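Participant: Got coords38.cif for you, mmCIF, C-alpha atoms:
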data_run
loop_
_atom_site.label_atom_id
_atom_site.label_comp_id
_atom_site.auth_asym_id
_atom_site.auth_seq_id
_atom_site.Cartn_x
_atom_site.Cartn_y
_atom_site.Cartn_z
CA MET A 1 11.69 1.65 11.27
CA ILE A 2 10.10 0.90 7.90
CA ASN A 3 7.23 3.17 6.90
CA THR A 4 4.73 1.60 4.53
CA ASP A 5 1.11 2.11 3.51
CA VAL A 6 0.22 -1.49 4.26
CA LEU A 7 1.90 -4.43 5.95
CA ILE A 8 0.71 -7.83 4.75
CA ILE A 9 1.20 -10.81 7.03
CA GLY A 10 1.37 -13.99 4.98
CA ALA A 11 2.83 -14.60 1.51
CA GLY A 12 0.27 -17.19 0.39
CA PRO A 13 -1.94 -16.67 -2.68
CA THR A 14 -4.30 -14.35 -0.84
CA GLY A 15 -1.52 -12.11 0.50
CA LEU A 16 0.18 -12.01 -2.90
CA PHE A 17 -2.94 -10.95 -4.76
CA ALA A 18 -3.76 -8.37 -2.08
CA ALA A 19 -0.28 -6.91 -2.73
CA HIS A 20 -1.16 -6.70 -6.42
CA GLN A 21 -4.42 -4.88 -5.71
CA LEU A 22 -2.69 -2.45 -3.33
CA ASN A 23 0.05 -1.54 -5.78
CA LEU A 24 -2.46 -1.20 -8.58
CA ILE A 25 -4.30 1.50 -6.67
CA GLY A 26 -1.02 3.21 -5.82
CA LEU A 27 -0.29 1.97 -2.32
CA LYS A 28 3.05 0.58 -1.16
CA CYS A 29 3.18 -2.63 0.83
CA GLU A 30 5.66 -5.02 2.42
CA ILE A 31 5.05 -8.69 3.18
CA VAL A 32 6.19 -10.76 6.18
CA ASP A 33 6.07 -14.56 6.24
CA ASN A 34 7.42 -17.07 8.71
CA LEU A 35 8.27 -19.57 5.96
CA ASP A 36 11.56 -19.22 4.09
CA LYS A 37 9.76 -19.10 0.75
CA ILE A 38 6.82 -17.40 -0.95
CA GLY A 39 3.56 -19.30 -1.46
CA GLY A 40 2.14 -20.30 1.92
CA GLN A 41 0.16 -23.54 2.10
CA CYS A 42 0.27 -23.85 -1.71
CA ILE A 43 4.02 -24.25 -1.66
CA GLU A 44 4.46 -25.91 1.72
CA LEU A 45 1.60 -28.39 1.78
CA TYR A 46 0.69 -29.16 -1.82
CA PRO A 47 3.20 -27.78 -4.37
CA ASP A 48 2.51 -30.74 -6.72
CA LYS A 49 -1.19 -31.22 -6.12
CA PRO A 50 -3.40 -29.92 -8.92
CA ILE A 51 -6.02 -27.26 -8.11
CA TYR A 52 -9.09 -27.16 -10.36
CA ASP A 53 -11.13 -24.24 -9.04
CA ILE A 54 -9.16 -21.10 -9.77
CA PRO A 55 -11.36 -19.00 -12.10
CA ALA A 56 -10.18 -19.20 -15.74
CA VAL A 57 -7.38 -21.62 -14.82
CA PRO A 58 -8.70 -25.13 -15.53
CA GLU A 59 -5.82 -26.83 -13.75
CA CYS A 60 -2.63 -25.76 -12.00
CA THR A 61 -0.46 -26.97 -9.16
CA GLY A 62 0.17 -25.03 -5.96
CA GLU A 63 3.64 -24.20 -7.23
CA GLU A 64 2.38 -22.99 -10.62
CA LEU A 65 -0.26 -20.83 -8.98
CA THR A 66 2.38 -19.28 -6.72
CA ASN A 67 4.74 -18.62 -9.64
CA ASN A 68 1.95 -17.00 -11.65
CA LEU A 69 1.05 -14.75 -8.73
CA ILE A 70 4.71 -13.77 -8.30
CA ASN A 71 4.89 -13.00 -12.04
CA GLN A 72 1.81 -10.84 -11.74
CA LEU A 73 3.66 -8.78 -9.10
CA LYS A 74 6.67 -8.16 -11.37
CA PRO A 75 5.70 -4.58 -12.32
CA PHE A 76 5.81 -3.64 -8.66
CA ASN A 77 8.61 -3.36 -6.20
CA ILE A 78 7.51 -5.35 -3.17
CA LYS A 79 9.80 -6.14 -0.28
CA PHE A 80 9.40 -9.59 1.26
CA HIS A 81 10.57 -10.35 4.78
CA LEU A 82 10.78 -14.15 4.79
CA SER A 83 11.57 -16.40 7.78
CA GLU A 84 10.20 -13.66 10.02
CA ARG A 85 7.22 -13.85 12.28
CA VAL A 86 5.25 -10.85 13.45
CA GLU A 87 5.36 -10.76 17.23
CA GLU A 88 3.99 -7.45 18.48
CA VAL A 89 1.43 -4.99 17.28
CA LYS A 90 1.01 -1.68 19.10
CA LYS A 91 -1.17 1.31 18.36
CA ILE A 92 0.95 4.49 18.23
CA ASN A 93 -1.24 7.55 17.56
CA GLU A 94 -3.18 6.73 14.40
CA ASN A 95 -0.74 4.10 13.18
CA TRP A 96 0.26 0.57 14.03
CA GLU A 97 3.78 -0.28 15.10
CA VAL A 98 4.66 -3.85 14.23
CA LYS A 99 7.71 -5.80 15.38
CA THR A 100 8.96 -9.15 14.08
CA ASN A 101 10.92 -11.83 15.92
CA LYS A 102 14.04 -10.62 14.09
CA GLY A 103 13.55 -7.09 15.32
CA THR A 104 12.31 -5.54 12.05
CA LYS A 105 9.93 -2.68 12.85
CA PHE A 106 7.16 -1.30 10.69
CA ASN A 107 5.07 1.80 11.05
CA THR A 108 1.86 1.57 9.05
CA PRO A 109 -1.78 2.70 9.08
CA ASN A 110 -2.91 -0.69 7.72
CA ILE A 111 -2.20 -4.33 8.49
CA ILE A 112 -3.69 -7.08 6.33
CA ILE A 113 -3.56 -10.48 7.99
CA ALA A 114 -3.51 -13.13 5.26
CA GLY A 115 -2.20 -15.77 7.58
CA GLY A 116 -4.05 -18.89 6.43
CA VAL A 117 -4.31 -21.23 9.37
CA GLY A 118 -1.43 -19.55 11.14
CA SER A 119 2.31 -19.60 10.83
CA PHE A 120 4.17 -22.80 10.05
CA GLU A 121 6.25 -24.09 12.95
CA PRO A 122 8.13 -27.36 13.32
CA ARG A 123 6.27 -30.14 15.09
CA LYS A 124 8.19 -30.77 18.30
CA PHE A 125 8.85 -33.80 20.50
CA SER A 126 6.09 -34.36 23.01
CA PRO A 127 8.06 -35.28 26.19
CA LYS A 128 8.21 -32.09 28.27
CA GLU A 129 11.86 -32.54 29.22
CA CYS A 130 12.83 -31.87 25.59
CA GLU A 131 12.20 -28.13 26.01
CA LYS A 132 15.15 -27.88 28.37
CA PHE A 133 17.56 -29.00 25.65
CA GLU A 134 15.92 -27.22 22.72
CA ASN A 135 18.41 -25.28 20.57
CA LYS A 136 21.26 -26.68 22.69
CA SER A 137 21.21 -30.40 21.93
CA ILE A 138 17.74 -30.86 20.44
CA PHE A 139 17.04 -29.20 17.09
CA TYR A 140 14.22 -29.13 14.57
CA SER A 141 16.38 -27.77 11.77
CA VAL A 142 20.10 -27.74 11.11
CA LYS A 143 21.85 -24.39 11.05
CA ASP A 144 25.45 -25.46 11.61
CA LYS A 145 26.27 -29.07 10.73
CA THR A 146 29.88 -28.82 11.93
CA ILE A 147 28.80 -29.17 15.58
CA PHE A 148 27.84 -32.82 14.95
CA LYS A 149 31.33 -33.91 13.87
CA GLY A 150 32.48 -36.94 15.85
CA LYS A 151 29.32 -36.91 17.97
CA THR A 152 26.39 -39.28 18.30
CA VAL A 153 23.27 -37.87 16.68
CA SER A 154 19.83 -39.44 16.99
CA ILE A 155 17.57 -38.40 14.12
CA PHE A 156 13.78 -38.86 14.26
CA GLY A 157 11.41 -38.86 11.32
CA GLY A 158 10.58 -40.68 8.09
CA GLY A 159 10.60 -37.97 5.45
CA ASP A 160 13.26 -36.49 3.23
CA SER A 161 14.71 -34.16 5.87
CA ALA A 162 15.35 -37.04 8.26
CA LEU A 163 16.77 -39.29 5.53
CA ASP A 164 18.95 -36.59 3.94
CA TRP A 165 20.49 -35.57 7.26
CA ALA A 166 21.02 -39.18 8.31
CA ILE A 167 22.93 -39.79 5.05
CA GLU A 168 24.90 -36.54 5.26
CA LEU A 169 25.85 -36.83 8.94
CA SER A 170 26.79 -40.52 8.67
CA ASN A 171 30.05 -39.32 7.06
CA ASN A 172 31.40 -37.75 10.22
CA SER A 173 29.08 -38.74 13.07
CA ASN A 174 27.51 -41.79 14.69
CA VAL A 175 23.95 -41.69 13.44
CA ASN A 176 20.84 -43.34 14.88
CA LEU A 177 17.78 -43.02 12.67
CA ILE A 178 14.51 -43.61 14.47
CA HIS A 179 11.09 -43.78 12.84
CA ARG A 180 7.66 -44.81 14.10
CA ARG A 181 7.00 -47.34 11.31
CA ASP A 182 8.87 -49.45 8.76
CA GLU A 183 8.01 -47.38 5.71
CA PHE A 184 9.75 -44.11 4.96
CA ARG A 185 8.02 -41.41 2.95
CA GLY A 186 11.15 -39.89 1.42
CA VAL A 187 12.25 -40.31 -2.19
CA GLN A 188 13.13 -43.91 -3.05
CA SER A 189 16.82 -43.23 -3.79
CA SER A 190 17.31 -41.79 -0.29
CA VAL A 191 15.46 -44.72 1.29
CA ASP A 192 17.70 -47.15 -0.62
CA ASN A 193 20.76 -45.16 0.39
CA VAL A 194 19.80 -45.24 4.07
CA ASN A 195 19.11 -48.98 3.95
CA GLN A 196 22.52 -49.56 2.38
CA LEU A 197 24.25 -47.41 5.01
CA ALA A 198 22.39 -49.34 7.71
CA LYS A 199 23.61 -52.61 6.20
CA ASP A 200 27.18 -51.28 6.16
CA GLY A 201 26.85 -50.28 9.81
CA LYS A 202 27.17 -46.56 9.07
CA ILE A 203 23.66 -45.80 10.35
CA LYS A 204 21.83 -47.57 13.15
CA LEU A 205 18.22 -47.95 12.14
CA PHE A 206 15.38 -48.22 14.68
CA THR A 207 11.91 -48.56 13.19
CA LYS A 208 8.61 -48.79 15.08
CA TYR A 209 10.28 -46.77 17.83
CA GLN A 210 9.37 -43.34 19.19
CA LEU A 211 11.02 -41.01 21.68
CA LYS A 212 10.00 -41.79 25.23
CA ASN A 213 12.37 -39.71 27.30
CA VAL A 214 15.55 -37.63 27.29
CA ASN A 215 18.17 -37.85 30.00
CA GLY A 216 20.89 -35.50 31.19
CA SER A 217 21.28 -32.65 33.64
CA GLU A 218 23.32 -29.86 32.03
CA ASN A 219 23.91 -31.55 28.70
CA LEU A 220 21.93 -34.22 26.95
CA GLU A 221 23.43 -37.64 27.69
CA SER A 222 21.06 -40.26 26.39
CA ILE A 223 17.54 -40.88 25.16
CA ASP A 224 15.01 -43.63 25.73
CA ILE A 225 13.08 -44.89 22.75
CA MET A 226 10.07 -47.20 22.95
CA HIS A 227 9.06 -49.87 20.45
CA ASP A 228 5.41 -50.44 19.47
CA ASN A 229 5.61 -53.54 21.69
CA LYS A 230 6.61 -51.28 24.65
CA GLU A 231 10.24 -52.48 24.77
CA ILE A 232 12.55 -49.59 25.71
CA GLN A 233 16.11 -48.96 24.51
CA ASN A 234 18.55 -46.42 25.85
CA LEU A 235 20.71 -44.68 23.26
CA LYS A 236 23.66 -42.52 24.17
CA SER A 237 23.16 -39.28 22.26
CA ASP A 238 24.93 -35.94 22.13
CA TYR A 239 22.37 -34.43 19.81
CA VAL A 240 18.80 -35.14 18.78
CA LEU A 241 17.17 -33.94 15.57
CA GLY A 242 13.41 -34.08 15.02
CA PHE A 243 11.89 -33.84 11.55
CA PHE A 244 8.14 -34.33 11.88
CA GLY A 245 7.03 -31.72 9.36
CA LEU A 246 5.38 -28.43 10.11
CA ILE A 247 2.27 -27.56 12.02
CA MET A 248 0.30 -24.36 11.76
CA GLN A 249 -0.24 -22.15 14.77
CA LEU A 250 -1.99 -18.83 15.11
CA GLY A 251 0.77 -17.77 17.50
CA PRO A 252 1.08 -14.16 18.66
CA ILE A 253 -1.97 -13.05 16.62
CA THR A 254 -4.11 -14.31 19.48
CA ASN A 255 -2.73 -11.49 21.68
CA TRP A 256 -3.64 -8.57 19.45
CA GLY A 257 -7.09 -7.92 20.85
CA LEU A 258 -8.90 -9.26 17.79
CA ASN A 259 -12.27 -11.00 17.98
CA LEU A 260 -11.43 -14.63 17.41
CA ASN A 261 -13.71 -17.47 16.46
CA LYS A 262 -11.86 -20.75 17.04
CA LYS A 263 -8.81 -20.28 14.82
CA THR A 264 -10.31 -17.53 12.66
CA ILE A 265 -10.75 -13.77 12.97
CA ASP A 266 -14.16 -12.09 12.69
CA VAL A 267 -14.39 -9.45 9.95
CA ASP A 268 -17.06 -7.37 8.22
CA THR A 269 -17.77 -8.06 4.57
CA GLU A 270 -17.41 -4.49 3.33
CA LYS A 271 -13.76 -3.89 4.20
CA PHE A 272 -12.78 -7.22 5.76
CA GLU A 273 -11.78 -5.20 8.76
CA THR A 274 -11.47 -6.77 12.21
CA ASN A 275 -12.72 -5.14 15.39
CA GLN A 276 -9.49 -3.07 15.32
CA LYS A 277 -9.50 -0.14 12.92
CA GLY A 278 -6.84 -0.59 10.24
CA ILE A 279 -6.36 -4.32 10.82
CA TYR A 280 -7.96 -6.52 8.17
CA ALA A 281 -8.11 -10.29 7.78
CA ILE A 282 -8.50 -12.07 4.45
CA GLY A 283 -8.30 -15.62 3.14
CA ASP A 284 -8.62 -18.76 5.23
CA ILE A 285 -8.00 -16.89 8.47
CA CYS A 286 -11.07 -14.63 8.27
CA ASN A 287 -14.56 -15.48 9.38
CA TYR A 288 -17.93 -14.06 8.36
CA LEU A 289 -21.36 -15.41 7.59
CA GLY A 290 -21.09 -17.60 4.52
CA LYS A 291 -17.27 -17.71 4.46
CA LEU A 292 -15.82 -20.23 2.01
CA LYS A 293 -12.22 -21.34 2.44
CA LEU A 294 -11.41 -21.10 -1.25
CA ILE A 295 -8.48 -19.32 -2.86
CA LEU A 296 -10.89 -17.39 -5.09
CA SER A 297 -12.67 -16.00 -2.03
CA GLY A 298 -9.32 -14.80 -0.69
CA PHE A 299 -8.72 -12.86 -3.92
CA HIS A 300 -12.06 -11.06 -3.59
CA GLU A 301 -11.47 -10.30 0.08
CA GLY A 302 -8.02 -8.87 -0.71
CA ALA A 303 -9.40 -6.60 -3.43
CA LEU A 304 -11.92 -5.09 -1.02
CA ALA A 305 -9.51 -4.80 1.90
CA ALA A 306 -7.05 -2.98 -0.41
CA ARG A 307 -9.65 -0.27 -1.15
CA ALA A 308 -10.31 0.11 2.56
CA CYS A 309 -6.56 0.59 3.15
CA PHE A 310 -6.57 3.50 0.71
CA LYS A 311 -8.75 5.60 3.00
CA LEU A 312 -6.34 5.32 5.93
CA ALA A 313 -3.15 5.57 3.87
CA ARG A 314 -4.31 8.56 1.80
CA PRO A 315 -6.81 10.36 4.02
CA ASN A 316 -6.74 13.50 1.87
CA GLU A 317 -7.23 11.81 -1.48
CA LYS A 318 -10.33 10.35 -2.99
CA TYR A 319 -10.17 6.79 -4.27
CA ARG A 320 -11.41 6.44 -7.84
CA PHE A 321 -12.46 3.10 -9.20
CA GLU A 322 -10.77 2.30 -12.52
CA PHE A 323 -10.40 -0.63 -14.92
CA THR A 324 -7.01 -1.94 -16.04
CA THR A 325 -8.37 -2.16 -19.60
CA THR A 326 -8.91 1.58 -19.89
CA SER A 327 -7.12 3.50 -17.16
CA LYS A 328 -3.86 5.28 -18.10
CA ASN A 329 -3.04 5.54 -14.42
CA LEU A 330 -3.24 1.83 -13.81
CA LYS A 331 -1.37 1.02 -17.02
CA ASN A 332 1.43 3.34 -15.92
CA ARG A 333 1.69 1.54 -12.63
CA LEU A 334 1.78 -1.77 -14.47
CA GLY A 335 4.58 -0.41 -16.67
CA ILE A 336 2.58 -0.82 -19.86
CA LYS A 337 3.64 1.52 -22.69
CA GLU A 338 1.06 2.46 -25.28
CA MET B 1 -26.55 -42.93 9.36
CA ALA B 2 -24.40 -44.20 12.19
CA LYS B 3 -24.00 -43.41 15.87
CA ILE B 4 -20.42 -42.33 16.45
CA THR B 5 -18.84 -41.85 19.86
CA TYR B 6 -15.99 -39.40 20.28
CA ILE B 7 -14.06 -39.76 23.52
CA GLU B 8 -12.01 -36.75 24.52
CA HIS B 9 -8.58 -37.22 26.08
CA SER B 10 -10.12 -36.28 29.44
CA GLY B 11 -12.55 -39.18 29.08
CA LYS B 12 -15.58 -37.01 28.28
CA SER B 13 -17.68 -38.78 25.69
CA HIS B 14 -19.96 -37.42 22.94
CA THR B 15 -22.29 -39.68 20.94
CA VAL B 16 -23.89 -38.22 17.81
CA ASP B 17 -25.75 -39.45 14.74
CA ILE B 18 -23.80 -38.74 11.58
CA SER B 19 -25.22 -39.01 8.07
CA ASN B 20 -23.73 -41.43 5.59
CA GLY B 21 -21.17 -39.89 3.26
CA LEU B 22 -19.82 -37.43 5.80
CA THR B 23 -16.50 -38.20 7.42
CA VAL B 24 -15.81 -38.80 11.09
CA MET B 25 -13.93 -35.45 11.04
CA GLU B 26 -16.90 -33.57 9.55
CA GLY B 27 -19.21 -35.18 12.10
CA ALA B 28 -17.08 -33.78 14.91
CA VAL B 29 -16.74 -30.31 13.39
CA GLN B 30 -20.48 -29.99 12.62
CA ASN B 31 -21.38 -31.05 16.14
CA ASP B 32 -18.83 -28.74 17.80
CA ILE B 33 -16.99 -31.62 19.41
CA PRO B 34 -13.72 -30.26 20.79
CA GLY B 35 -10.40 -31.96 20.07
CA ILE B 36 -10.52 -32.21 16.28
CA ASP B 37 -9.01 -29.17 14.57
CA ALA B 38 -9.07 -30.20 10.89
CA ASP B 39 -6.95 -27.23 9.84
CA CYS B 40 -6.78 -28.21 6.18
CA GLY B 41 -10.49 -28.92 5.89
CA GLY B 42 -10.18 -32.58 4.95
CA SER B 43 -7.68 -32.53 2.09
CA MET B 44 -5.25 -34.80 3.95
CA ALA B 45 -2.70 -31.99 4.02
CA CYS B 46 -2.33 -31.66 7.79
CA ALA B 47 -2.60 -34.08 10.68
CA THR B 48 -4.95 -32.22 12.99
CA CYS B 49 -7.96 -34.54 12.83
CA HIS B 50 -5.94 -37.40 14.28
CA VAL B 51 -7.86 -40.03 16.28
CA TYR B 52 -7.08 -43.39 17.86
CA VAL B 53 -9.27 -46.36 17.01
CA LYS B 54 -9.00 -49.43 19.23
CA ASP B 55 -8.32 -52.81 17.63
CA ASP B 56 -11.92 -54.09 17.61
CA TRP B 57 -12.95 -51.24 15.32
CA PHE B 58 -9.58 -50.51 13.67
CA ASN B 59 -9.69 -53.74 11.69
CA LYS B 60 -13.29 -53.16 10.56
CA LEU B 61 -12.57 -49.74 9.06
CA PRO B 62 -11.76 -49.36 5.39
CA PRO B 63 -7.93 -49.46 5.11
CA LYS B 64 -5.79 -46.35 5.22
CA ASN B 65 -5.57 -44.28 2.09
CA GLU B 66 -2.32 -43.79 0.25
CA GLY B 67 -0.49 -40.98 2.00
CA GLU B 68 -2.46 -41.22 5.22
CA ASP B 69 0.43 -42.81 7.12
CA ASP B 70 2.79 -40.17 5.73
CA MET B 71 0.57 -37.47 7.22
CA LEU B 72 0.24 -39.39 10.47
CA ASP B 73 4.04 -39.28 10.83
CA GLN B 74 3.47 -35.58 11.45
CA ALA B 75 0.68 -35.97 13.99
CA PHE B 76 0.95 -35.49 17.75
CA GLU B 77 1.91 -38.84 19.33
CA PRO B 78 0.80 -41.20 16.58
CA ASN B 79 0.74 -44.95 17.26
CA THR B 80 -0.46 -48.15 15.62
CA SER B 81 -4.11 -47.23 16.37
CA SER B 82 -3.87 -43.85 14.67
CA ARG B 83 -6.14 -42.72 11.83
CA LEU B 84 -6.99 -39.41 10.23
CA SER B 85 -10.69 -38.94 10.88
CA CYS B 86 -11.13 -37.03 7.60
CA GLN B 87 -10.38 -40.28 5.79
CA ILE B 88 -13.06 -42.36 7.52
CA GLN B 89 -16.35 -42.06 5.67
CA ILE B 90 -19.55 -42.79 7.54
CA SER B 91 -21.76 -45.68 6.42
CA ASP B 92 -24.34 -47.83 8.21
CA ASP B 93 -21.53 -50.34 8.88
CA LEU B 94 -19.90 -47.91 11.28
CA GLU B 95 -22.87 -47.88 13.70
CA GLY B 96 -21.37 -47.74 17.19
CA LEU B 97 -17.84 -46.71 16.14
CA LYS B 98 -15.77 -45.25 18.97
CA VAL B 99 -12.85 -42.94 18.33
CA HIS B 100 -10.47 -41.64 20.98
CA LEU B 101 -9.07 -38.13 20.66
CA PRO B 102 -5.41 -37.36 21.36
CA GLU B 103 -4.33 -34.99 24.12
CA LYS B 104 -3.91 -32.31 21.48
CA GLN B 105 -3.69 -31.91 17.74
CA ILE B 106 -0.90 -29.37 17.45
#
Output the file's structure as structure tokens, nothing else.
Facilitator:
Amino acid sequence: MINTDVLIIGAGPTGLFAAHQLNLIGLKCEIVDNLDKIGGQCIELYPDKPIYDIPAVPECTGEELTNNLINQLKPFNIKFHLSERVEEVKKINENWEVKTNKGTKFNTPNIIIAGGVGSFEPRKFSPKECEKFENKSIFYSVKDKTIFKGKTVSIFGGGDSALDWAIELSNNSNVNLIHRRDEFRGVQSSVDNVNQLAKDGKIKLFTKYQLKNVNGSENLESIDIMHDNKEIQNLKSDYVLGFFGLIMQLGPITNWGLNLNKKTIDVDTEKFETNQKGIYAIGDICNYLGKLKLILSGFHEGALAARACFKLARPNEKYRFEFTTTSKNLKNRLGIKE
Amino acid sequence: MAKITYIEHSGKSHTVDISNGLTVMEGAVQNDIPGIDADCGGSMACATCHVYVKDDWFNKLPPKNEGEDDMLDQAFEPNTSSRLSCQIQISDDLEGLKVHLPEKQI
């Protein structure tokens, strides 16, 4: 069980800056994120796209913004729990007990949800029968490539993940690469590589096809793919890999007894607290009158939620507002020597 | 201004007047039409405002933007009639446009 003053859910820009504000006022926090890297939507959806409306930063990319926020956290010791998703939240006495899908447990008076539009999950195949084979013969990521050796693997998708795995697995497996259109969106060198391998007969390429059905009782035996013109082909397959990118889902948050408004959580504008005491929501995931889904709004919301956390984490102390320009206290925490 | 008809997967239809300059996605969101999520708010960074446009209208729409098909690869059950509704801007020319909503967005 990890005891902390605040648990932040979401390592996007809003969660990162909230961590900064918390540490500045002397609170400890830990951060959980379902992605395997820090940065949230900025790093997953638009690492290279320029952003022009961060105050005092005329232009920066999602990746640069993330790196700057990480740099700003350097004076502090913050533990990140990446590739973990918060599953359960339970009230135990005055505190919240939080459990992740990997079994990590936190005990904390404060939870800040900075979850954006939800946690990123792989987009899955739509035929229902696929669920039966999921994590046995149908995968959305590769954890152990040795299982594919000598087998027939059907790979779906048109991006870099699909192309890279098709190239890699074509060394030791029979590879079918299936994509819904003729154009691939991966880097040109990989596209060229795949086309060459297809020419050499190392990869079987099926474009304008999509998965129609999967067949097999215990184990997967074959799949049916359908062309845009409705023609169906049956492909013997031991394994199927799907790489359709990530979708965002609110997930278990919907079961925590919070007041939801479509995919957002209602909060007040003083503490950004939800209807549950000690649970706050900031950034894109929160909802209040006049809410703007801008990164700068998330920073403001985090700063206020951090002050609210102080009251519950340090019930016997009085919070004093201070400026970083003048306060010895704050400078100490930032590791600045005068 | 154009009258746009959104047809839910169940067949339920909604016809609304949408001002020029807005997108088909914004028209749905502002009129509380279910079935269009628009998680990213119109920045073409997700694929949750996916609609199908039948041939008669598909060919009259302005062509797909660069990157739109890449995003559509990540949509739920995309096909040759698929568009992202955040990339279709309303003008008088679209009077009577019908879009069909997928079974789900995520």
Participant: Please identify all residues of chain A having at least one atom at most 8 Å from any atom of chain B, considering all atoms listed in the file, and return them as a PyMOL selection string.
Facilitator: chain A and resi 45-46+117+123+126+157-158+180+185+228+244-249
Participant: Identify the residues within 10 Å of coordinate (-21.3, -44.5, 12.3) (same frame as the file), considering only C-alpha atoms, and give the answer as JSON, numbers by chain.
Facilitator: {"B": [1, 2, 3, 4, 5, 15, 16, 17, 18, 19, 20, 22, 23, 24, 27, 88, 89, 90, 91, 92, 93, 94, 95, 96, 97, 98]}
Participant: For a quick check of understanding, using all atoms listed in the file, which of B:Ala38, B:Ala28, B:Val99, B:Cys49 has the smallest distance to Ser81 in chain B?
Facilitator: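 With all atoms listed in the file as the atom set, the closest residue is B:Val99.
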Participant: Taking the file as shown, what set of residues would the PyMOL selection byres ((chain A and resi 93-107) around 7) give back, as a ChimeraX atom specification?
Facilitator: /A:1-4,84-92,108-109
Participant: Once the PyMOL selection byres ((chain A and resi 145) around 12) is applied to the coordinates I shared, what remains selected? I want it as a PyMOL selection string.
Facilitator: chain A and resi 139+141-144+146-151+153+165-166+168-173+239+241
Participant: Residues of the last selection are to be written out with C-alpha atoms, as a JSON list (two decimals), in the coordinates of the input.
Facilitator:
[["chain", "number", "residue", "atom", "x", "y", "z"],
["A", 139, "PHE", "CA", 17.04, -29.20, 17.09],
["A", 141, "SER", "CA", 16.38, -27.77, 11.77],
["A", 142, "VAL", "CA", 20.10, -27.74, 11.11],
["A", 143, "LYS", "CA", 21.85, -24.39, 11.05],
["A", 144, "ASP", "CA", 25.45, -25.46, 11.61],
["A", 146, "THR", "CA", 29.88, -28.82, 11.93],
["A", 147, "ILE", "CA", 28.80, -29.17, 15.58],
["A", 148, "PHE", "CA", 27.84, -32.82, 14.95],
["A", 149, "LYS", "CA", 31.33, -33.91, 13.87],
["A", 150, "GLY", "CA", 32.48, -36.94, 15.85],
["A", 151, "LYS", "CA", 29.32, -36.91, 17.97],
["A", 153, "VAL", "CA", 23.27, -37.87, 16.68],
["A", 165, "TRP", "CA", 20.49, -35.57, 7.26],
["A", 166, "ALA", "CA", 21.02, -39.18, 8.31],
["A", 168, "GLU", "CA", 24.90, -36.54, 5.26],
["A", 169, "LEU", "CA", 25.85, -36.83, 8.94],
["A", 170, "SER", "CA", 26.79, -40.52, 8.67],
["A", 171, "ASN", "CA", 30.05, -39.32, 7.06],
["A", 172, "ASN", "CA", 31.40, -37.75, 10.22],
["A", 173, "SER", "CA", 29.08, -38.74, 13.07],
["A", 239, "TYR", "CA", 22.37, -34.43, 19.81],
["A", 241, "LEU", "CA", 17.17, -33.94, 15.57]]
Participant: Separation of CA of Leu330 in chain A and CA of Leu24 in chain A, in Å?
Facilitator: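 CA of Leu24 in chain A lies 6.1 Å from CA of Leu330 in chain A.
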Participant: When you draw a straight line from CA of His100 in chain B to CA of His227 in chain A, how long is it in Å?
Facilitator: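 Taking CA of His100 in chain B as the start and CA of His227 in chain A as the end point, the length is 21.2 Å.
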Participant: Taking every listed atom of range 41-60 of chain B and adding 6 Å to each side, what centre and edge lengths in Å (one decimal) does the axis-aligned box have, as JSON?
Facilitator:
{"center_x": -7.8, "center_y": -41.5, "center_z": 10.7, "size_x": 23.0, "size_y": 37.2, "size_z": 29.1}
Participant: Please expand the PyMOL selection byres ((chain B and resi 12) around 12) into the concrete residues it hits in this file, giving the result as a list in words.
Facilitator: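 Applied to this file, the PyMOL selection byres ((chain B and resi 12) around 12) returns Thr5, Tyr6, Ile7, Glu8, His9, Ser10, Gly11, Ser13, His14, Thr15, Ile33, Pro34, Gly35, Val99, His100 and Leu101 of chain B.
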Participant: For a test of reading the model, state the distance in Å between CA of Glu134 in chain A and CA of Lys104 in chain B, rounded to one decimal.
Facilitator: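 It comes out at 20.5 Å.
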Participant: For Asn193 in chain A, which of A:Asp266, A:Glu64, A:Glu218, A:Asp164 is the closest residue, counting only C-alpha atoms?
Facilitator: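 Among the listed residues, the smallest separation from Asn193 in chain A belongs to A:Asp164.
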Participant: Neighbours of range 276-285 of chain A within 7 Å (only C-alpha atoms; same-chain residues fewer than 5 positions away dropped), as a VMD selection string?
Facilitator: chain A and resid 14 109 to 117 258 264 to 265 267 293 297 to 298 301 to 302 305
Participant: Skipping near chain neighbours, those fewer than 2 positions away, what residues fall within 7 Å of range 197-205 of chain A using only C-alpha atoms, listed as a list in words?
Facilitator: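 Listing them by chain and then by number gives Ser170, Val175, Asn176, Leu177, Ile178, Asn193, Val194, Asn195 and Thr207 of chain A.
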Participant: List as a PyMOL selection string: which residues have an atom within 12 Å of (21.3, -36.1, 25.2), counting all atoms listed in the file?
Facilitator: chain A and resi 129-130+132-134+136-139+151-155+211+213-224+234-241
Participant: Write out as a PyMOL selection string which residues come within 12 Å of Leu65 in chain A when counting only C-alpha atoms, dropping same-chain ones fewer than 6 positions away.
Facilitator: chain A and resi 12-14+16-17+38-43+46-55+57-59+71-72+295-296
Participant: Would you mind telling me which residue in A:Leu27, A:Cys60, A:Leu73, A:Val32 lies nearest to Leu334 in chain A when using only C-alpha atoms?
Facilitator: A:Leu73
